[in-house]
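Chemist: Right, I'll just put the structure down here and ask away after.
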Amino acid sequence: MLTETNAIVLRTIKYSETSVIAHIYTEQFGNGSYIMNNVRTNHSKMAMFQPLSFVHLSVIRKKTSKQIHRITNISFQLVPTDITANVFKSTIALFVGEITDKVFKEEERCDAVFQYLKSFVFLLEESKTNFANLHILYLLHLTRFLGFFPQNNFTAQTNIFSLLNSQFISPNGLHENLSLEQSRLFSLIINSEELTDVLELNRQERQQLLDILLLYYDYHICKTQQLTSLGILKMVFE
């Protein structure tokens with residue numbers, strides 16, 4: 001069945017000498033796998049398969065969602081000029097695309113997730129300053145859609161964050177708890193309400209929060225240690 005949809009590219013794999021297979025989050029169907037032939041020799045087309053490219057697709061849908069669907073045409077909805085040119089932004093895009101693909105393995109439509117991802121793409125492209133922490137905010141607020149957004153109950157008595165219970169508790173020494181310093185730092189970003197909130201973080205705090213959030217994801221949805229983009233992200237922001 002031929003259909004059209006807006007979509008956001010998450011990650012792309014080379015397939016044969018001229019083709020690519022891309023994991024793409026579409027507005028109509030959620031995350032799925034798509035193949036396009038005769039594209040690797042076309043630089044303008046290949047640019048549309050970069051991580052977090054916001055595109056419009058014409059696709060031939062297969063009978064089941066687990067099959068690889070075929071792209072017949074692709075065009076930009078947003079030309080990612082700054083994401084492409086800025087190594088920090090392109091690295092964030094690489095990481096966000098990979099983690100999003102990992103947590104949404106099944107093809108299932110969710111308008112709220114698509115709009116959230118789309119908002120992030122536009123914000124990353126348009127931000128001139130204060131974008132170094134966007135992936136931190138993205139990971140945090142993505143948990144709202146995944147069902148384990150942390151409870152904001154930090155107090156003098158409940159000052160240790162339980163990764164397993166998604167809330168702050170009294171100190172008890174269990175291994176799944178963050179340290180007091182980690183918990184204090186984590187409580188600061190939980191107070192952020194949206195992607196546009198400005199976080200005043202230094203390099204060490206940013207790295208610490210990234211590690212905390214990935215550990216939090218490990219407890220609740222997937223293992224993140226094998227993310228290929230993680231080492232690149234840490235190296236670029238070193």
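Ordering of the structure tokens sets the chain letters (A, B, ...), residue numbers begin anew at 1 in every chain, and ligands are numbered from 1 in the order given.
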Would you please give, as an MDAnalysis selection string, all residues of range 3-196 of chain A that DSSP assigns to helix (DSSP H, G or I) based on the backbone?
Modeler: chainID A and resid 43:49 81:85 87:103 111:126 134:146 180:190
Chemist: Find, counting only C-alpha atoms, the residue in A:Thr155, A:Gln182, A:Ser229, A:Asn133 that gets nearest to Glu200 in chain A.
Modeler: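 Among the listed residues, the smallest separation from Glu200 in chain A belongs to A:Asn133.
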Chemist: Given only C-alpha atoms as the basis, pick out the residue of A:Ala85, A:Gly147, A:Thr64, A:Glu98 nearest to Ile13 in chain A.
Modeler: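 Of all the options, A:Glu98 lies closest to Ile13 in chain A.
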Chemist: Can you tell me, as a ChimeraX atom specification, which residues in range 21-234 of chain A count as strand (DSSP E or B) by DSSP?
Modeler: /A:21-26,30-36,54-60,69-78,160-162,167-169,177
Chemist: Output N, CA and C atoms for every residue in the selection just made, as a JSON list (two decimals), in the first residue's frame.
Modeler:
```json
[["chain", "number", "residue", "atom", "x", "y", "z"],
["A", 21, "ILE", "N", 19.18, 1.10, 4.72],
["A", 21, "ILE", "CA", 18.04, 0.75, 5.56],
["A", 21, "ILE", "C", 18.05, 1.72, 6.72],
["A", 22, "ALA", "N", 16.94, 2.38, 6.93],
["A", 22, "ALA", "CA", 16.85, 3.40, 7.97],
["A", 22, "ALA", "C", 15.77, 3.05, 8.98],
["A", 23, "HIS", "N", 16.07, 3.31, 10.24],
["A", 23, "HIS", "CA", 15.07, 3.22, 11.29],
["A", 23, "HIS", "C", 14.47, 4.62, 11.42],
["A", 24, "ILE", "N", 13.18, 4.72, 11.18],
["A", 24, "ILE", "CA", 12.53, 6.02, 11.05],
["A", 24, "ILE", "C", 11.26, 6.06, 11.90],
["A", 25, "TYR", "N", 11.11, 7.13, 12.67],
["A", 25, "TYR", "CA", 9.89, 7.32, 13.45],
["A", 25, "TYR", "C", 8.92, 8.15, 12.62],
["A", 26, "THR", "N", 7.83, 7.52, 12.17],
["A", 26, "THR", "CA", 6.87, 8.21, 11.31],
["A", 26, "THR", "C", 5.67, 8.70, 12.10],
["A", 30, "GLY", "N", 4.68, 5.25, 13.81],
["A", 30, "GLY", "CA", 5.70, 5.06, 14.84],
["A", 30, "GLY", "C", 7.01, 4.60, 14.24],
["A", 31, "ASN", "N", 7.82, 3.92, 15.04],
["A", 31, "ASN", "CA", 9.16, 3.52, 14.61],
["A", 31, "ASN", "C", 9.11, 2.27, 13.73],
["A", 32, "GLY", "N", 9.83, 2.30, 12.62],
["A", 32, "GLY", "CA", 9.86, 1.15, 11.73],
["A", 32, "GLY", "C", 11.11, 1.16, 10.87],
["A", 33, "SER", "N", 11.31, 0.09, 10.11],
["A", 33, "SER", "CA", 12.48, -0.03, 9.24],
["A", 33, "SER", "C", 12.08, 0.19, 7.79],
["A", 34, "TYR", "N", 12.90, 0.97, 7.07],
["A", 34, "TYR", "CA", 12.60, 1.35, 5.69],
["A", 34, "TYR", "C", 13.85, 1.22, 4.84],
["A", 35, "ILE", "N", 13.67, 0.76, 3.63],
["A", 35, "ILE", "CA", 14.78, 0.65, 2.68],
["A", 35, "ILE", "C", 14.56, 1.62, 1.53],
["A", 36, "MET", "N", 15.65, 2.19, 1.04],
["A", 36, "MET", "CA", 15.59, 3.00, -0.17],
["A", 36, "MET", "C", 16.76, 2.62, -1.06],
["A", 54, "PHE", "N", 14.18, 15.70, 9.61],
["A", 54, "PHE", "CA", 12.71, 15.76, 9.57],
["A", 54, "PHE", "C", 12.31, 15.78, 8.10],
["A", 55, "VAL", "N", 11.64, 14.70, 7.66],
["A", 55, "VAL", "CA", 11.40, 14.50, 6.24],
["A", 55, "VAL", "C", 9.95, 14.13, 5.97],
["A", 56, "HIS", "N", 9.61, 14.13, 4.68],
["A", 56, "HIS", "CA", 8.32, 13.62, 4.22],
["A", 56, "HIS", "C", 8.59, 12.41, 3.34],
["A", 57, "LEU", "N", 7.88, 11.33, 3.59],
["A", 57, "LEU", "CA", 8.12, 10.08, 2.89],
["A", 57, "LEU", "C", 6.91, 9.65, 2.06],
["A", 58, "SER", "N", 7.19, 9.07, 0.91],
["A", 58, "SER", "CA", 6.23, 8.25, 0.19],
["A", 58, "SER", "C", 6.73, 6.83, 0.31],
["A", 59, "VAL", "N", 5.91, 5.94, 0.87],
["A", 59, "VAL", "CA", 6.38, 4.59, 1.17],
["A", 59, "VAL", "C", 5.38, 3.54, 0.71],
["A", 60, "ILE", "N", 5.93, 2.40, 0.36],
["A", 60, "ILE", "CA", 5.10, 1.23, 0.11],
["A", 60, "ILE", "C", 5.14, 0.39, 1.37],
["A", 69, "HIS", "N", 9.77, -1.78, 5.09],
["A", 69, "HIS", "CA", 8.96, -1.07, 4.11],
["A", 69, "HIS", "C", 9.87, -0.35, 3.12],
["A", 70, "ARG", "N", 9.31, 0.02, 1.98],
["A", 70, "ARG", "CA", 10.12, 0.60, 0.91],
["A", 70, "ARG", "C", 9.78, 2.07, 0.70],
["A", 71, "ILE", "N", 10.82, 2.91, 0.70],
["A", 71, "ILE", "CA", 10.66, 4.35, 0.43],
["A", 71, "ILE", "C", 10.75, 4.58, -1.08],
["A", 72, "THR", "N", 9.75, 5.25, -1.62],
["A", 72, "THR", "CA", 9.79, 5.58, -3.05],
["A", 72, "THR", "C", 10.21, 7.03, -3.27],
["A", 73, "ASN", "N", 10.00, 7.87, -2.27],
["A", 73, "ASN", "CA", 10.42, 9.27, -2.39],
["A", 73, "ASN", "C", 10.63, 9.85, -1.00],
["A", 74, "ILE", "N", 11.61, 10.76, -0.90],
["A", 74, "ILE", "CA", 11.91, 11.42, 0.36],
["A", 74, "ILE", "C", 12.25, 12.88, 0.09],
["A", 75, "SER", "N", 11.79, 13.78, 0.98],
["A", 75, "SER", "CA", 12.10, 15.21, 0.84],
["A", 75, "SER", "C", 12.18, 15.83, 2.23],
["A", 76, "PHE", "N", 12.96, 16.89, 2.34],
["A", 76, "PHE", "CA", 13.12, 17.58, 3.61],
["A", 76, "PHE", "C", 11.84, 18.33, 4.00],
["A", 77, "GLN", "N", 11.46, 18.24, 5.28],
["A", 77, "GLN", "CA", 10.48, 19.13, 5.87],
["A", 77, "GLN", "C", 11.19, 20.27, 6.60],
["A", 78, "LEU", "N", 12.39, 19.99, 7.04],
["A", 78, "LEU", "CA", 13.26, 20.99, 7.66],
["A", 78, "LEU", "C", 14.68, 20.71, 7.21],
["A", 160, "ILE", "N", 17.56, 10.73, 48.99],
["A", 160, "ILE", "CA", 18.28, 9.71, 48.23],
["A", 160, "ILE", "C", 17.34, 9.17, 47.15],
["A", 161, "PHE", "N", 17.79, 9.22, 45.89],
["A", 161, "PHE", "CA", 16.90, 8.77, 44.81],
["A", 161, "PHE", "C", 17.02, 7.27, 44.61],
["A", 162, "SER", "N", 15.87, 6.60, 44.61],
["A", 162, "SER", "CA", 15.80, 5.17, 44.34],
["A", 162, "SER", "C", 15.55, 4.96, 42.85],
["A", 167, "GLN", "N", 11.66, 7.47, 42.89],
["A", 167, "GLN", "CA", 11.34, 8.54, 43.84],
["A", 167, "GLN", "C", 12.46, 8.67, 44.86],
["A", 168, "PHE", "N", 12.43, 9.79, 45.58],
["A", 168, "PHE", "CA", 13.41, 10.02, 46.63],
["A", 168, "PHE", "C", 12.93, 9.36, 47.92],
["A", 169, "ILE", "N", 13.88, 8.75, 48.62],
["A", 169, "ILE", "CA", 13.55, 8.02, 49.84],
["A", 169, "ILE", "C", 14.54, 8.40, 50.94],
["A", 177, "ASN", "N", 20.32, 2.70, 44.82],
["A", 177, "ASN", "CA", 20.10, 4.11, 45.14],
["A", 177, "ASN", "C", 21.28, 4.97, 44.66]]
```
Chemist: Hey, can you check how far CA of Lys89 in chain A sits from CA of Ile8 in chain A?
Modeler: 15.9 Å
Chemist: Quick one, how far is CA of Val96 in chain A from CA of Glu125 in chain A?
Modeler: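 Going from CA of Val96 in chain A over to CA of Glu125 in chain A covers 13.5 Å.
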Chemist: For each of A:Leu52, A:Ala156, A:Leu210, A:Ile221, take the minimum atom-to-atom distance to Thr84 in chain A, counting only C-alpha atoms, then give the residue where this is smallest.
Modeler: A:Leu52
Chemist: Could you please determine the separation between CA of Pro150 in chain A and CA of His135 in chain A in Å, to one decimal place?
Modeler: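 Spanning CA of Pro150 in chain A to CA of His135 in chain A is a straight-line distance of 16.9 Å.
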Chemist: Could you list, as a PyMOL selection string, every residue within 12 Å of range 233-238 of chain A, counting only C-alpha atoms and ignoring same-chain residues fewer than 3 positions away?
Modeler: chain A and resi 86-96+98+131-133+135-136+202-208+210-211+227-230
Chemist: Could you name the residues that touch Asn37 in chain A at 7 Å or less, counting only C-alpha atoms, but leaving out those on the same chain fewer than 3 positions away, as a PDB file with N, CA and C atoms, in the first residue's frame?
Modeler:
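Just written: out17.pdb:
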```
ATOM      1  N   THR A  18      24.425   0.708  -3.070  1.00  0.00           N
ATOM      2  CA  THR A  18      23.625   1.883  -3.422  1.00  0.00           C
ATOM      3  C   THR A  18      22.458   2.138  -2.488  1.00  0.00           C
ATOM      4  N   SER A  19      22.177   1.218  -1.575  1.00  0.00           N
ATOM      5  CA  SER A  19      20.956   1.318  -0.771  1.00  0.00           C
ATOM      6  C   SER A  19      21.245   1.565   0.703  1.00  0.00           C
ATOM      7  N   VAL A  20      20.217   2.017   1.421  1.00  0.00           N
ATOM      8  CA  VAL A  20      20.293   2.160   2.870  1.00  0.00           C
ATOM      9  C   VAL A  20      19.033   1.575   3.498  1.00  0.00           C
TER      10      VAL A  20
END
```
Chemist: Using only C-alpha atoms, which of A:Met48, A:Ala112, A:Leu164, A:Leu137 sits nearest Leu209 in chain A?
Modeler: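 Answer, going by the shortest atom-to-atom distance: A:Leu137.
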Chemist: Kindly indicate which residue among A:Ser44, A:Ser16, A:Thr5, A:Ser53 lies nearest to Gln28 in chain A, using only C-alpha atoms for the distances.
Modeler: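 Nearest to Gln28 in chain A: A:Thr5.
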Chemist: Find, counting only C-alpha atoms, the residue in A:Leu215, A:Val121, A:Val113, A:Ala47 that gets nearest to Phe29 in chain A.
Modeler: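 That would be A:Val113, the residue with the smallest distance to Phe29 in chain A.
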Chemist: Just want the 8 Å neighbourhood of range 187-196 of chain A, counted on only C-alpha atoms, with same-chain residues fewer than 3 positions away dropped. Output as a VMD selection string.
Modeler: chain A and resid 120 123 134 137 to 138 140 to 141 150 152 154 183 to 184 199
Chemist: Please provide the set of residues having any atom within 8 Å of Phe148 in chain A, restricted to only C-alpha atoms, with same-chain residues fewer than 2 positions apart removed, written as a PDB file with N, CA and C atoms, in the first residue's frame.
Modeler:
```pdb
ATOM      1  N   THR A 143      10.950  10.092  29.508  1.00  0.00           N
ATOM      2  CA  THR A 143      10.416   9.103  30.451  1.00  0.00           C
ATOM      3  C   THR A 143       8.943   9.346  30.760  1.00  0.00           C
ATOM      4  N   ARG A 144       8.434  10.541  30.478  1.00  0.00           N
ATOM      5  CA  ARG A 144       6.990  10.789  30.652  1.00  0.00           C
ATOM      6  C   ARG A 144       6.187   9.877  29.730  1.00  0.00           C
ATOM      7  N   LEU A 146       7.336   7.045  28.480  1.00  0.00           N
ATOM      8  CA  LEU A 146       7.726   5.663  28.726  1.00  0.00           C
ATOM      9  C   LEU A 146       7.163   5.120  30.039  1.00  0.00           C
ATOM     10  N   PRO A 150      10.513  10.408  36.987  1.00  0.00           N
ATOM     11  CA  PRO A 150      10.818  10.382  38.426  1.00  0.00           C
ATOM     12  C   PRO A 150       9.931  11.330  39.236  1.00  0.00           C
ATOM     13  N   SER A 166      11.766   5.047  41.473  1.00  0.00           N
ATOM     14  CA  SER A 166      11.537   6.323  40.766  1.00  0.00           C
ATOM     15  C   SER A 166      11.114   7.454  41.693  1.00  0.00           C
ATOM     16  N   HIS A 220      14.796   0.450  33.969  1.00  0.00           N
ATOM     17  CA  HIS A 220      13.369   0.458  33.648  1.00  0.00           C
ATOM     18  C   HIS A 220      13.003  -0.007  32.240  1.00  0.00           C
TER      19      HIS A 220
END
```
